[in-house]
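To start, the structure itself, in structure tokens.
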Amino acid sequence: MRKRMIAGNWKMNKTYGEGVELAQGLADELKDGTGDVDVVVCPPAVDLKGVAEVIEQTQAPFGLGAQNVYYEESGAYTGETAPNMLEAVGADYCIIGHSERRGYFGETDEDVNKKAKVLMAHGIVPISCCGESLEVREAGKHVEFVVDQIKKDTEGLEITDPSKYVIAYEPIWAIGTGKTATADDAQEVIGAIRATLVEIFGKETADGIRILYGGSAKPNNVAGFLEKEDVDGALVGGASLKADSFAAMVKAAM
Ligand code: PGA
């Protein structure tokens, strides 16, 4: 049985102090626990340590994730963050292949695949993003496009514990636009992702991998997505920047 997951992607928002405050607010909102739901917050890299301290001090029921990593272990890669650096500040998860990184920073499926491997070697759970543009969707090629991303992103991965590899399907046209995919749109693609995972890893492993929906997910629409057979949670951008709205989404998933 897959545990639901609600993950917040703060993107490039919240200074150190603001991030600490948001984490404290969320710890307070969720002080009665999150039931069977895994909750993760992904602050900017420079906020990770501060949020880790809040989690520790308040015994908060959520995990910590980064938004990016580099796939080399160390060395002359100015501006990048190594996997053991994330590990050292207590990050349990890391988003990879977000469409903003693919679109603005040229991240490729090959990079995403390398990042997944290095994270897993360090015991950090990848939240590996995929999703099609509006153009691809309008051409009716979205399923094909995302299945191809999944094949490339998972190439050669050894998944021994399927709860430690997470996928997020985020149609690019629905991110930050207020345009949400319908729950049926999400199920169509996420169902196809699951079928592809069955082909690659076998049914038992594929059935254990969480696949989240992302793209204008909000307190008032998240329950509809979660009703769908293959949708195991949400990756939340805008609505994760306020403790009350993010906590409401966690509660809707409980
Ligand atoms: P959004 O972002 O919820 O603001 O649409 C989701 C994401 O990009 O992860």
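How things are named: the first chain in the structure tokens is A, the next is B, and so on; residues count from 1 in each chain; ligands count from 1 in the order shown.
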
Please list as a ChimeraX atom specification every residue within 10 Å of stretch 72-89 of chain A, counting only C-alpha atoms and excluding residues in the same chain fewer than 3 positions away.
/A:45,48-53,64-66,68-69,92-94,114-115,118-124

Residues at most 8 Å from ligand 1, using only C-alpha atoms and all ligand atoms? Could they come as a PDB file with all heavy atoms, in the first residue's frame?
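Now in part.pdb:
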ATOM      1  N   GLY A   8       5.867  20.258  -0.520  1.00  0.00           N
ATOM      2  CA  GLY A   8       5.809  21.685  -0.843  1.00  0.00           C
ATOM      3  C   GLY A   8       7.109  22.125  -1.489  1.00  0.00           C
ATOM      4  O   GLY A   8       8.185  21.912  -0.942  1.00  0.00           O
ATOM      5  N   ASN A   9       6.984  22.741  -2.645  1.00  0.00           N
ATOM      6  CA  ASN A   9       8.147  23.261  -3.360  1.00  0.00           C
ATOM      7  C   ASN A   9       8.110  24.779  -3.239  1.00  0.00           C
ATOM      8  O   ASN A   9       7.307  25.436  -3.891  1.00  0.00           O
ATOM      9  CB  ASN A   9       8.058  22.810  -4.831  1.00  0.00           C
ATOM     10  CG  ASN A   9       9.127  23.437  -5.701  1.00  0.00           C
ATOM     11  OD1 ASN A   9      10.075  24.043  -5.200  1.00  0.00           O
ATOM     12  ND2 ASN A   9       8.975  23.293  -7.010  1.00  0.00           N
ATOM     13  N   LYS A  11      10.227  26.857  -4.163  1.00  0.00           N
ATOM     14  CA  LYS A  11      10.913  27.516  -5.293  1.00  0.00           C
ATOM     15  C   LYS A  11      11.845  28.616  -4.759  1.00  0.00           C
ATOM     16  O   LYS A  11      12.398  28.473  -3.682  1.00  0.00           O
ATOM     17  CB  LYS A  11       9.897  28.035  -6.313  1.00  0.00           C
ATOM     18  CG  LYS A  11       8.934  26.924  -6.748  1.00  0.00           C
ATOM     19  CD  LYS A  11       8.114  27.289  -7.949  1.00  0.00           C
ATOM     20  CE  LYS A  11       7.209  26.109  -8.294  1.00  0.00           C
ATOM     21  NZ  LYS A  11       6.439  26.329  -9.516  1.00  0.00           N
ATOM     22  N   HIS A  98      12.732  19.379 -12.246  1.00  0.00           N
ATOM     23  CA  HIS A  98      11.565  20.268 -12.283  1.00  0.00           C
ATOM     24  C   HIS A  98      11.537  20.992 -13.638  1.00  0.00           C
ATOM     25  O   HIS A  98      12.586  21.337 -14.180  1.00  0.00           O
ATOM     26  CB  HIS A  98      11.627  21.274 -11.124  1.00  0.00           C
ATOM     27  CG  HIS A  98      10.341  22.014 -10.973  1.00  0.00           C
ATOM     28  ND1 HIS A  98      10.034  23.096 -11.761  1.00  0.00           N
ATOM     29  CD2 HIS A  98       9.271  21.794 -10.176  1.00  0.00           C
ATOM     30  CE1 HIS A  98       8.810  23.512 -11.441  1.00  0.00           C
ATOM     31  NE2 HIS A  98       8.333  22.737 -10.477  1.00  0.00           N
ATOM     32  N   SER A  99      10.361  21.253 -14.137  1.00  0.00           N
ATOM     33  CA  SER A  99      10.266  21.861 -15.484  1.00  0.00           C
ATOM     34  C   SER A  99      10.934  23.224 -15.541  1.00  0.00           C
ATOM     35  O   SER A  99      11.397  23.648 -16.603  1.00  0.00           O
ATOM     36  CB  SER A  99       8.810  21.966 -15.917  1.00  0.00           C
ATOM     37  OG  SER A  99       8.111  22.792 -15.017  1.00  0.00           O
ATOM     38  N   GLU A 100      10.996  23.928 -14.386  1.00  0.00           N
ATOM     39  CA  GLU A 100      11.696  25.224 -14.394  1.00  0.00           C
ATOM     40  C   GLU A 100      13.199  25.002 -14.564  1.00  0.00           C
ATOM     41  O   GLU A 100      13.886  25.779 -15.234  1.00  0.00           O
ATOM     42  CB  GLU A 100      11.371  25.998 -13.103  1.00  0.00           C
ATOM     43  CG  GLU A 100       9.948  26.547 -13.169  1.00  0.00           C
ATOM     44  CD  GLU A 100       9.224  26.614 -11.839  1.00  0.00           C
ATOM     45  OE1 GLU A 100       9.875  26.589 -10.783  1.00  0.00           O
ATOM     46  OE2 GLU A 100       7.972  26.690 -11.864  1.00  0.00           O
ATOM     47  N   GLU A 170       3.911  16.836 -13.573  1.00  0.00           N
ATOM     48  CA  GLU A 170       3.495  18.243 -13.538  1.00  0.00           C
ATOM     49  C   GLU A 170       3.370  18.785 -14.960  1.00  0.00           C
ATOM     50  O   GLU A 170       4.376  19.165 -15.566  1.00  0.00           O
ATOM     51  CB  GLU A 170       4.537  19.073 -12.786  1.00  0.00           C
ATOM     52  CG  GLU A 170       4.763  18.621 -11.364  1.00  0.00           C
ATOM     53  CD  GLU A 170       5.386  19.732 -10.524  1.00  0.00           C
ATOM     54  OE1 GLU A 170       6.457  20.236 -10.897  1.00  0.00           O
ATOM     55  OE2 GLU A 170       4.780  20.100  -9.523  1.00  0.00           O
ATOM     56  N   ILE A 172       3.341  21.268 -17.618  1.00  0.00           N
ATOM     57  CA  ILE A 172       3.946  22.607 -17.524  1.00  0.00           C
ATOM     58  C   ILE A 172       2.897  23.712 -17.655  1.00  0.00           C
ATOM     59  O   ILE A 172       2.956  24.729 -16.967  1.00  0.00           O
ATOM     60  CB  ILE A 172       5.050  22.765 -18.602  1.00  0.00           C
ATOM     61  CG1 ILE A 172       6.155  21.727 -18.352  1.00  0.00           C
ATOM     62  CG2 ILE A 172       5.644  24.170 -18.576  1.00  0.00           C
ATOM     63  CD1 ILE A 172       7.155  21.606 -19.489  1.00  0.00           C
ATOM     64  N   ALA A 174       0.110  23.842 -16.476  1.00  0.00           N
ATOM     65  CA  ALA A 174      -0.706  23.996 -15.260  1.00  0.00           C
ATOM     66  C   ALA A 174       0.106  24.536 -14.084  1.00  0.00           C
ATOM     67  O   ALA A 174      -0.440  24.740 -13.006  1.00  0.00           O
ATOM     68  CB  ALA A 174      -1.332  22.653 -14.888  1.00  0.00           C
ATOM     69  N   ILE A 175       1.408  24.783 -14.277  1.00  0.00           N
ATOM     70  CA  ILE A 175       2.244  25.221 -13.155  1.00  0.00           C
ATOM     71  C   ILE A 175       2.181  26.727 -12.989  1.00  0.00           C
ATOM     72  O   ILE A 175       2.544  27.483 -13.906  1.00  0.00           O
ATOM     73  CB  ILE A 175       3.712  24.770 -13.343  1.00  0.00           C
ATOM     74  CG1 ILE A 175       3.788  23.246 -13.331  1.00  0.00           C
ATOM     75  CG2 ILE A 175       4.605  25.363 -12.253  1.00  0.00           C
ATOM     76  CD1 ILE A 175       5.177  22.699 -13.548  1.00  0.00           C
ATOM     77  N   GLY A 176       1.714  27.144 -11.825  1.00  0.00           N
ATOM     78  CA  GLY A 176       1.698  28.564 -11.477  1.00  0.00           C
ATOM     79  C   GLY A 176       0.757  29.387 -12.338  1.00  0.00           C
ATOM     80  O   GLY A 176       0.802  30.610 -12.326  1.00  0.00           O
ATOM     81  N   THR A 177      -0.099  28.728 -13.095  1.00  0.00           N
ATOM     82  CA  THR A 177      -0.965  29.441 -14.033  1.00  0.00           C
ATOM     83  C   THR A 177      -2.390  29.540 -13.514  1.00  0.00           C
ATOM     84  O   THR A 177      -3.200  30.288 -14.073  1.00  0.00           O
ATOM     85  CB  THR A 177      -1.031  28.684 -15.373  1.00  0.00           C
ATOM     86  OG1 THR A 177      -1.476  27.338 -15.101  1.00  0.00           O
ATOM     87  CG2 THR A 177       0.324  28.629 -16.050  1.00  0.00           C
ATOM     88  N   GLY A 178      -2.700  28.743 -12.472  1.00  0.00           N
ATOM     89  CA  GLY A 178      -4.073  28.694 -12.009  1.00  0.00           C
ATOM     90  C   GLY A 178      -4.896  27.730 -12.870  1.00  0.00           C
ATOM     91  O   GLY A 178      -6.028  27.388 -12.555  1.00  0.00           O
ATOM     92  N   GLY A 214       1.268  17.575  -9.798  1.00  0.00           N
ATOM     93  CA  GLY A 214       1.623  18.954  -9.469  1.00  0.00           C
ATOM     94  C   GLY A 214       1.183  19.902 -10.566  1.00  0.00           C
ATOM     95  O   GLY A 214       1.174  19.547 -11.752  1.00  0.00           O
ATOM     96  N   GLY A 215       0.822  21.122 -10.171  1.00  0.00           N
ATOM     97  CA  GLY A 215       0.372  22.134 -11.140  1.00  0.00           C
ATOM     98  C   GLY A 215      -0.904  22.761 -10.622  1.00  0.00           C
ATOM     99  O   GLY A 215      -1.982  22.184 -10.773  1.00  0.00           O
ATOM    100  N   SER A 216      -0.749  23.934  -9.946  1.00  0.00           N
ATOM    101  CA  SER A 216      -1.904  24.645  -9.369  1.00  0.00           C
ATOM    102  C   SER A 216      -2.760  23.762  -8.463  1.00  0.00           C
ATOM    103  O   SER A 216      -3.986  23.916  -8.425  1.00  0.00           O
ATOM    104  CB  SER A 216      -2.750  25.293 -10.470  1.00  0.00           C
ATOM    105  OG  SER A 216      -1.967  26.204 -11.217  1.00  0.00           O
ATOM    106  N   ALA A 217      -2.113  22.841  -7.755  1.00  0.00           N
ATOM    107  CA  ALA A 217      -2.839  22.056  -6.741  1.00  0.00           C
ATOM    108  C   ALA A 217      -3.096  22.973  -5.550  1.00  0.00           C
ATOM    109  O   ALA A 217      -2.209  23.733  -5.124  1.00  0.00           O
ATOM    110  CB  ALA A 217      -2.028  20.842  -6.320  1.00  0.00           C
ATOM    111  N   LYS A 218      -4.327  22.942  -5.050  1.00  0.00           N
ATOM    112  CA  LYS A 218      -4.760  23.869  -3.997  1.00  0.00           C
ATOM    113  C   LYS A 218      -5.607  23.123  -2.969  1.00  0.00           C
ATOM    114  O   LYS A 218      -6.050  22.005  -3.231  1.00  0.00           O
ATOM    115  CB  LYS A 218      -5.657  24.965  -4.623  1.00  0.00           C
ATOM    116  CG  LYS A 218      -5.008  25.802  -5.721  1.00  0.00           C
ATOM    117  CD  LYS A 218      -4.320  27.014  -5.141  1.00  0.00           C
ATOM    118  CE  LYS A 218      -3.654  27.911  -6.156  1.00  0.00           C
ATOM    119  NZ  LYS A 218      -2.558  27.458  -6.923  1.00  0.00           N
ATOM    120  N   LEU A 235       2.593  17.612  -5.461  1.00  0.00           N
ATOM    121  CA  LEU A 235       3.744  18.505  -5.317  1.00  0.00           C
ATOM    122  C   LEU A 235       3.171  19.913  -5.493  1.00  0.00           C
ATOM    123  O   LEU A 235       2.608  20.240  -6.533  1.00  0.00           O
ATOM    124  CB  LEU A 235       4.813  18.195  -6.370  1.00  0.00           C
ATOM    125  CG  LEU A 235       6.071  19.063  -6.332  1.00  0.00           C
ATOM    126  CD1 LEU A 235       6.765  19.037  -4.980  1.00  0.00           C
ATOM    127  CD2 LEU A 235       7.075  18.615  -7.408  1.00  0.00           C
ATOM    128  N   VAL A 236       3.321  20.714  -4.448  1.00  0.00           N
ATOM    129  CA  VAL A 236       2.588  21.970  -4.348  1.00  0.00           C
ATOM    130  C   VAL A 236       3.552  23.152  -4.384  1.00  0.00           C
ATOM    131  O   VAL A 236       4.482  23.214  -3.567  1.00  0.00           O
ATOM    132  CB  VAL A 236       1.827  22.004  -2.991  1.00  0.00           C
ATOM    133  CG1 VAL A 236       0.947  23.234  -2.913  1.00  0.00           C
ATOM    134  CG2 VAL A 236       1.024  20.727  -2.770  1.00  0.00           C
ATOM    135  N   GLY A 237       3.332  24.086  -5.282  1.00  0.00           N
ATOM    136  CA  GLY A 237       4.167  25.286  -5.336  1.00  0.00           C
ATOM    137  C   GLY A 237       3.530  26.408  -4.530  1.00  0.00           C
ATOM    138  O   GLY A 237       3.652  26.486  -3.309  1.00  0.00           O
ATOM    139  N   GLY A 238       2.798  27.266  -5.220  1.00  0.00           N
ATOM    140  CA  GLY A 238       2.211  28.467  -4.623  1.00  0.00           C
ATOM    141  C   GLY A 238       1.510  28.233  -3.285  1.00  0.00           C
ATOM    142  O   GLY A 238       1.720  28.981  -2.325  1.00  0.00           O
ATOM    143  N   ALA A 239       0.692  27.198  -3.225  1.00  0.00           N
ATOM    144  CA  ALA A 239      -0.104  26.959  -2.009  1.00  0.00           C
ATOM    145  C   ALA A 239       0.734  26.381  -0.856  1.00  0.00           C
ATOM    146  O   ALA A 239       0.200  26.171   0.231  1.00  0.00           O
ATOM    147  CB  ALA A 239      -1.280  26.036  -2.324  1.00  0.00           C
ATOM    148  N   SER A 240       2.035  26.164  -1.088  1.00  0.00           N
ATOM    149  CA  SER A 240       2.881  25.682   0.025  1.00  0.00           C
ATOM    150  C   SER A 240       3.575  26.844   0.742  1.00  0.00           C
ATOM    151  O   SER A 240       4.303  26.652   1.708  1.00  0.00           O
ATOM    152  CB  SER A 240       3.935  24.686  -0.474  1.00  0.00           C
ATOM    153  OG  SER A 240       4.958  25.347  -1.205  1.00  0.00           O
TER     154      SER A 240
END

Quick check, in Å to one decimal: how far apart do atom CA of A:Pro126 and atom CA of A:Glu199 lie?
20.4 Å

Ranking A:Ala7, A:Val146, A:Val112, A:Cys42 by minimum distance to A:Thr196 and counting only C-alpha atoms, which one comes first?
A:Val146

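All residues in stretch 92-140 of chain A with a DSSP state of helix (DSSP H, G or I), computed from the backbone, read Ser99, Glu100, Arg101, Arg102, Gly103, Tyr104, Phe105, Asp109, Glu110, Asp111, Val112, Asn113, Lys114, Lys115, Ala116, Lys117, Val118, Leu119, Met120, Ala121, Leu134, Glu135, Val136, Arg137 and Glu138 of chain A.
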
For the residues in that selection, give me N, CA and C atoms as a tab-separated table (two decimals), in the first residue's frame.
chain	number	residue	atom	x	y	z
A	99	SER	N	10.36	21.25	-14.14
A	99	SER	CA	10.27	21.86	-15.48
A	99	SER	C	10.93	23.22	-15.54
A	100	GLU	N	11.00	23.93	-14.39
A	100	GLU	CA	11.70	25.22	-14.39
A	100	GLU	C	13.20	25.00	-14.56
A	101	ARG	N	13.73	23.94	-13.98
A	101	ARG	CA	15.15	23.65	-14.16
A	101	ARG	C	15.42	23.15	-15.59
A	102	ARG	N	14.48	22.39	-16.11
A	102	ARG	CA	14.66	21.92	-17.48
A	102	ARG	C	14.57	23.10	-18.45
A	103	GLY	N	13.58	23.97	-18.21
A	103	GLY	CA	13.31	25.07	-19.14
A	103	GLY	C	14.31	26.22	-19.05
A	104	TYR	N	14.62	26.67	-17.82
A	104	TYR	CA	15.49	27.85	-17.67
A	104	TYR	C	16.97	27.49	-17.56
A	105	PHE	N	17.26	26.28	-17.09
A	105	PHE	CA	18.65	25.94	-16.80
A	105	PHE	C	19.17	24.75	-17.60
A	109	ASP	N	17.14	14.97	-19.48
A	109	ASP	CA	16.79	13.67	-18.88
A	109	ASP	C	18.05	12.93	-18.42
A	110	GLU	N	19.13	13.11	-19.15
A	110	GLU	CA	20.37	12.46	-18.75
A	110	GLU	C	20.85	12.99	-17.39
A	111	ASP	N	20.77	14.31	-17.21
A	111	ASP	CA	21.12	14.91	-15.90
A	111	ASP	C	20.21	14.36	-14.80
A	112	VAL	N	18.92	14.31	-15.10
A	112	VAL	CA	17.95	13.86	-14.11
A	112	VAL	C	18.27	12.43	-13.68
A	113	ASN	N	18.61	11.61	-14.65
A	113	ASN	CA	18.96	10.22	-14.38
A	113	ASN	C	20.23	10.11	-13.51
A	114	LYS	N	21.23	10.92	-13.82
A	114	LYS	CA	22.46	10.91	-13.01
A	114	LYS	C	22.18	11.40	-11.59
A	115	LYS	N	21.36	12.43	-11.51
A	115	LYS	CA	21.02	12.99	-10.19
A	115	LYS	C	20.27	11.96	-9.34
A	116	ALA	N	19.35	11.23	-9.96
A	116	ALA	CA	18.61	10.19	-9.22
A	116	ALA	C	19.59	9.16	-8.66
A	117	LYS	N	20.51	8.74	-9.50
A	117	LYS	CA	21.45	7.70	-9.06
A	117	LYS	C	22.31	8.17	-7.90
A	118	VAL	N	22.83	9.39	-8.00
A	118	VAL	CA	23.72	9.87	-6.94
A	118	VAL	C	22.93	10.11	-5.64
A	119	LEU	N	21.71	10.60	-5.76
A	119	LEU	CA	20.89	10.81	-4.55
A	119	LEU	C	20.62	9.48	-3.86
A	120	MET	N	20.23	8.48	-4.64
A	120	MET	CA	19.90	7.19	-4.06
A	120	MET	C	21.13	6.56	-3.41
A	121	ALA	N	22.28	6.79	-3.98
A	121	ALA	CA	23.52	6.28	-3.37
A	121	ALA	C	23.76	6.94	-2.02
A	134	LEU	N	2.34	22.85	-23.18
A	134	LEU	CA	1.02	23.05	-23.78
A	134	LEU	C	1.01	22.58	-25.24
A	135	GLU	N	2.12	22.88	-25.92
A	135	GLU	CA	2.23	22.50	-27.34
A	135	GLU	C	2.10	20.99	-27.53
A	136	VAL	N	2.83	20.26	-26.68
A	136	VAL	CA	2.79	18.79	-26.76
A	136	VAL	C	1.38	18.29	-26.43
A	137	ARG	N	0.78	18.88	-25.41
A	137	ARG	CA	-0.58	18.47	-25.01
A	137	ARG	C	-1.56	18.74	-26.16
A	138	GLU	N	-1.46	19.93	-26.77
A	138	GLU	CA	-2.41	20.26	-27.83
A	138	GLU	C	-2.23	19.38	-29.06

What's around A:Gly63 at 8 Å? Count only C-alpha atoms, leave out sequence neighbours fewer than 2 positions away in its own chain, and write the answer as a list in words.
Asp38, Val39, Val40, Val41, Ile55, Pro61, Gly65, Ala91, Asp92 and Tyr93 of chain A

Would you work out the distance separating atom CA of A:Asp244 from atom CA of A:Gly17, expressed in Å to one decimal?
18.1 Å

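Between A:Thr182 and the candidates A:Phe201, A:Tyr71, A:Phe225, A:Phe62, the tightest atom-to-atom separation, counting only C-alpha atoms, involves A:Phe225.
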
Strand (DSSP E or B) call set, DSSP backbone run, stretch 63-211 of chain A, as an NGL selection string
:A and (63-66 or 93-96 or 125-130 or 166-169 or 210-211)

File of the preceding selection, N, CA, C and O atoms, as a PDB file, in the first residue's frame:
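Written output follows (again-v1.pdb):
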ATOM      1  N   GLY A  63       9.197  16.024   6.635  1.00  0.00           N
ATOM      2  CA  GLY A  63      10.574  15.806   6.211  1.00  0.00           C
ATOM      3  C   GLY A  63      11.095  17.007   5.443  1.00  0.00           C
ATOM      4  O   GLY A  63      10.347  17.930   5.097  1.00  0.00           O
ATOM      5  N   LEU A  64      12.396  16.976   5.181  1.00  0.00           N
ATOM      6  CA  LEU A  64      13.067  18.097   4.529  1.00  0.00           C
ATOM      7  C   LEU A  64      13.580  17.673   3.158  1.00  0.00           C
ATOM      8  O   LEU A  64      14.196  16.610   3.011  1.00  0.00           O
ATOM      9  N   GLY A  65      13.319  18.519   2.170  1.00  0.00           N
ATOM     10  CA  GLY A  65      13.810  18.224   0.828  1.00  0.00           C
ATOM     11  C   GLY A  65      14.518  19.424   0.220  1.00  0.00           C
ATOM     12  O   GLY A  65      14.213  20.568   0.546  1.00  0.00           O
ATOM     13  N   ALA A  66      15.475  19.142  -0.670  1.00  0.00           N
ATOM     14  CA  ALA A  66      16.134  20.200  -1.434  1.00  0.00           C
ATOM     15  C   ALA A  66      15.416  20.322  -2.782  1.00  0.00           C
ATOM     16  O   ALA A  66      14.558  19.505  -3.115  1.00  0.00           O
ATOM     17  N   TYR A  93      14.996  14.281   1.107  1.00  0.00           N
ATOM     18  CA  TYR A  93      14.409  14.243  -0.235  1.00  0.00           C
ATOM     19  C   TYR A  93      15.079  15.307  -1.100  1.00  0.00           C
ATOM     20  O   TYR A  93      15.641  16.274  -0.572  1.00  0.00           O
ATOM     21  N   CYS A  94      14.969  15.144  -2.416  1.00  0.00           N
ATOM     22  CA  CYS A  94      15.439  16.211  -3.315  1.00  0.00           C
ATOM     23  C   CYS A  94      14.634  16.176  -4.616  1.00  0.00           C
ATOM     24  O   CYS A  94      14.508  15.121  -5.244  1.00  0.00           O
ATOM     25  N   ILE A  95      14.083  17.317  -4.972  1.00  0.00           N
ATOM     26  CA  ILE A  95      13.384  17.440  -6.262  1.00  0.00           C
ATOM     27  C   ILE A  95      14.437  17.428  -7.368  1.00  0.00           C
ATOM     28  O   ILE A  95      15.477  18.082  -7.245  1.00  0.00           O
ATOM     29  N   ILE A  96      14.174  16.694  -8.423  1.00  0.00           N
ATOM     30  CA  ILE A  96      15.060  16.757  -9.601  1.00  0.00           C
ATOM     31  C   ILE A  96      14.200  16.871 -10.862  1.00  0.00           C
ATOM     32  O   ILE A  96      13.057  16.431 -10.883  1.00  0.00           O
ATOM     33  N   VAL A 125      15.894  10.573  -1.044  1.00  0.00           N
ATOM     34  CA  VAL A 125      14.802  10.156  -1.939  1.00  0.00           C
ATOM     35  C   VAL A 125      14.601  11.183  -3.052  1.00  0.00           C
ATOM     36  O   VAL A 125      14.291  12.347  -2.768  1.00  0.00           O
ATOM     37  N   PRO A 126      14.773  10.789  -4.308  1.00  0.00           N
ATOM     38  CA  PRO A 126      14.500  11.737  -5.396  1.00  0.00           C
ATOM     39  C   PRO A 126      12.996  11.946  -5.567  1.00  0.00           C
ATOM     40  O   PRO A 126      12.220  11.006  -5.415  1.00  0.00           O
ATOM     41  N   ILE A 127      12.605  13.186  -5.832  1.00  0.00           N
ATOM     42  CA  ILE A 127      11.239  13.459  -6.290  1.00  0.00           C
ATOM     43  C   ILE A 127      11.435  13.914  -7.733  1.00  0.00           C
ATOM     44  O   ILE A 127      11.804  15.064  -7.999  1.00  0.00           O
ATOM     45  N   SER A 128      11.293  12.984  -8.641  1.00  0.00           N
ATOM     46  CA  SER A 128      11.711  13.195 -10.026  1.00  0.00           C
ATOM     47  C   SER A 128      10.530  13.689 -10.860  1.00  0.00           C
ATOM     48  O   SER A 128       9.519  13.009 -10.989  1.00  0.00           O
ATOM     49  N   CYS A 129      10.674  14.899 -11.420  1.00  0.00           N
ATOM     50  CA  CYS A 129       9.545  15.539 -12.099  1.00  0.00           C
ATOM     51  C   CYS A 129       9.550  15.272 -13.604  1.00  0.00           C
ATOM     52  O   CYS A 129      10.604  15.188 -14.242  1.00  0.00           O
ATOM     53  N   CYS A 130       8.357  15.191 -14.145  1.00  0.00           N
ATOM     54  CA  CYS A 130       8.185  15.058 -15.585  1.00  0.00           C
ATOM     55  C   CYS A 130       6.922  15.835 -15.961  1.00  0.00           C
ATOM     56  O   CYS A 130       6.160  16.234 -15.083  1.00  0.00           O
ATOM     57  N   VAL A 166      10.317   8.702  -5.835  1.00  0.00           N
ATOM     58  CA  VAL A 166       9.020   9.359  -6.027  1.00  0.00           C
ATOM     59  C   VAL A 166       9.031  10.085  -7.369  1.00  0.00           C
ATOM     60  O   VAL A 166      10.051  10.663  -7.762  1.00  0.00           O
ATOM     61  N   ILE A 167       7.904  10.028  -8.049  1.00  0.00           N
ATOM     62  CA  ILE A 167       7.766  10.738  -9.328  1.00  0.00           C
ATOM     63  C   ILE A 167       6.696  11.818  -9.154  1.00  0.00           C
ATOM     64  O   ILE A 167       5.721  11.618  -8.422  1.00  0.00           O
ATOM     65  N   ALA A 168       6.907  12.959  -9.793  1.00  0.00           N
ATOM     66  CA  ALA A 168       5.852  13.988  -9.803  1.00  0.00           C
ATOM     67  C   ALA A 168       5.520  14.312 -11.249  1.00  0.00           C
ATOM     68  O   ALA A 168       6.404  14.704 -12.024  1.00  0.00           O
ATOM     69  N   TYR A 169       4.252  14.124 -11.616  1.00  0.00           N
ATOM     70  CA  TYR A 169       3.794  14.515 -12.945  1.00  0.00           C
ATOM     71  C   TYR A 169       3.242  15.932 -12.861  1.00  0.00           C
ATOM     72  O   TYR A 169       2.260  16.175 -12.154  1.00  0.00           O
ATOM     73  N   ARG A 210       5.477   6.046  -5.361  1.00  0.00           N
ATOM     74  CA  ARG A 210       4.478   7.115  -5.301  1.00  0.00           C
ATOM     75  C   ARG A 210       4.588   8.012  -6.534  1.00  0.00           C
ATOM     76  O   ARG A 210       5.700   8.405  -6.910  1.00  0.00           O
ATOM     77  N   ILE A 211       3.445   8.344  -7.106  1.00  0.00           N
ATOM     78  CA  ILE A 211       3.414   9.301  -8.217  1.00  0.00           C
ATOM     79  C   ILE A 211       2.480  10.445  -7.819  1.00  0.00           C
ATOM     80  O   ILE A 211       1.298  10.240  -7.536  1.00  0.00           O
TER      81      ILE A 211
END
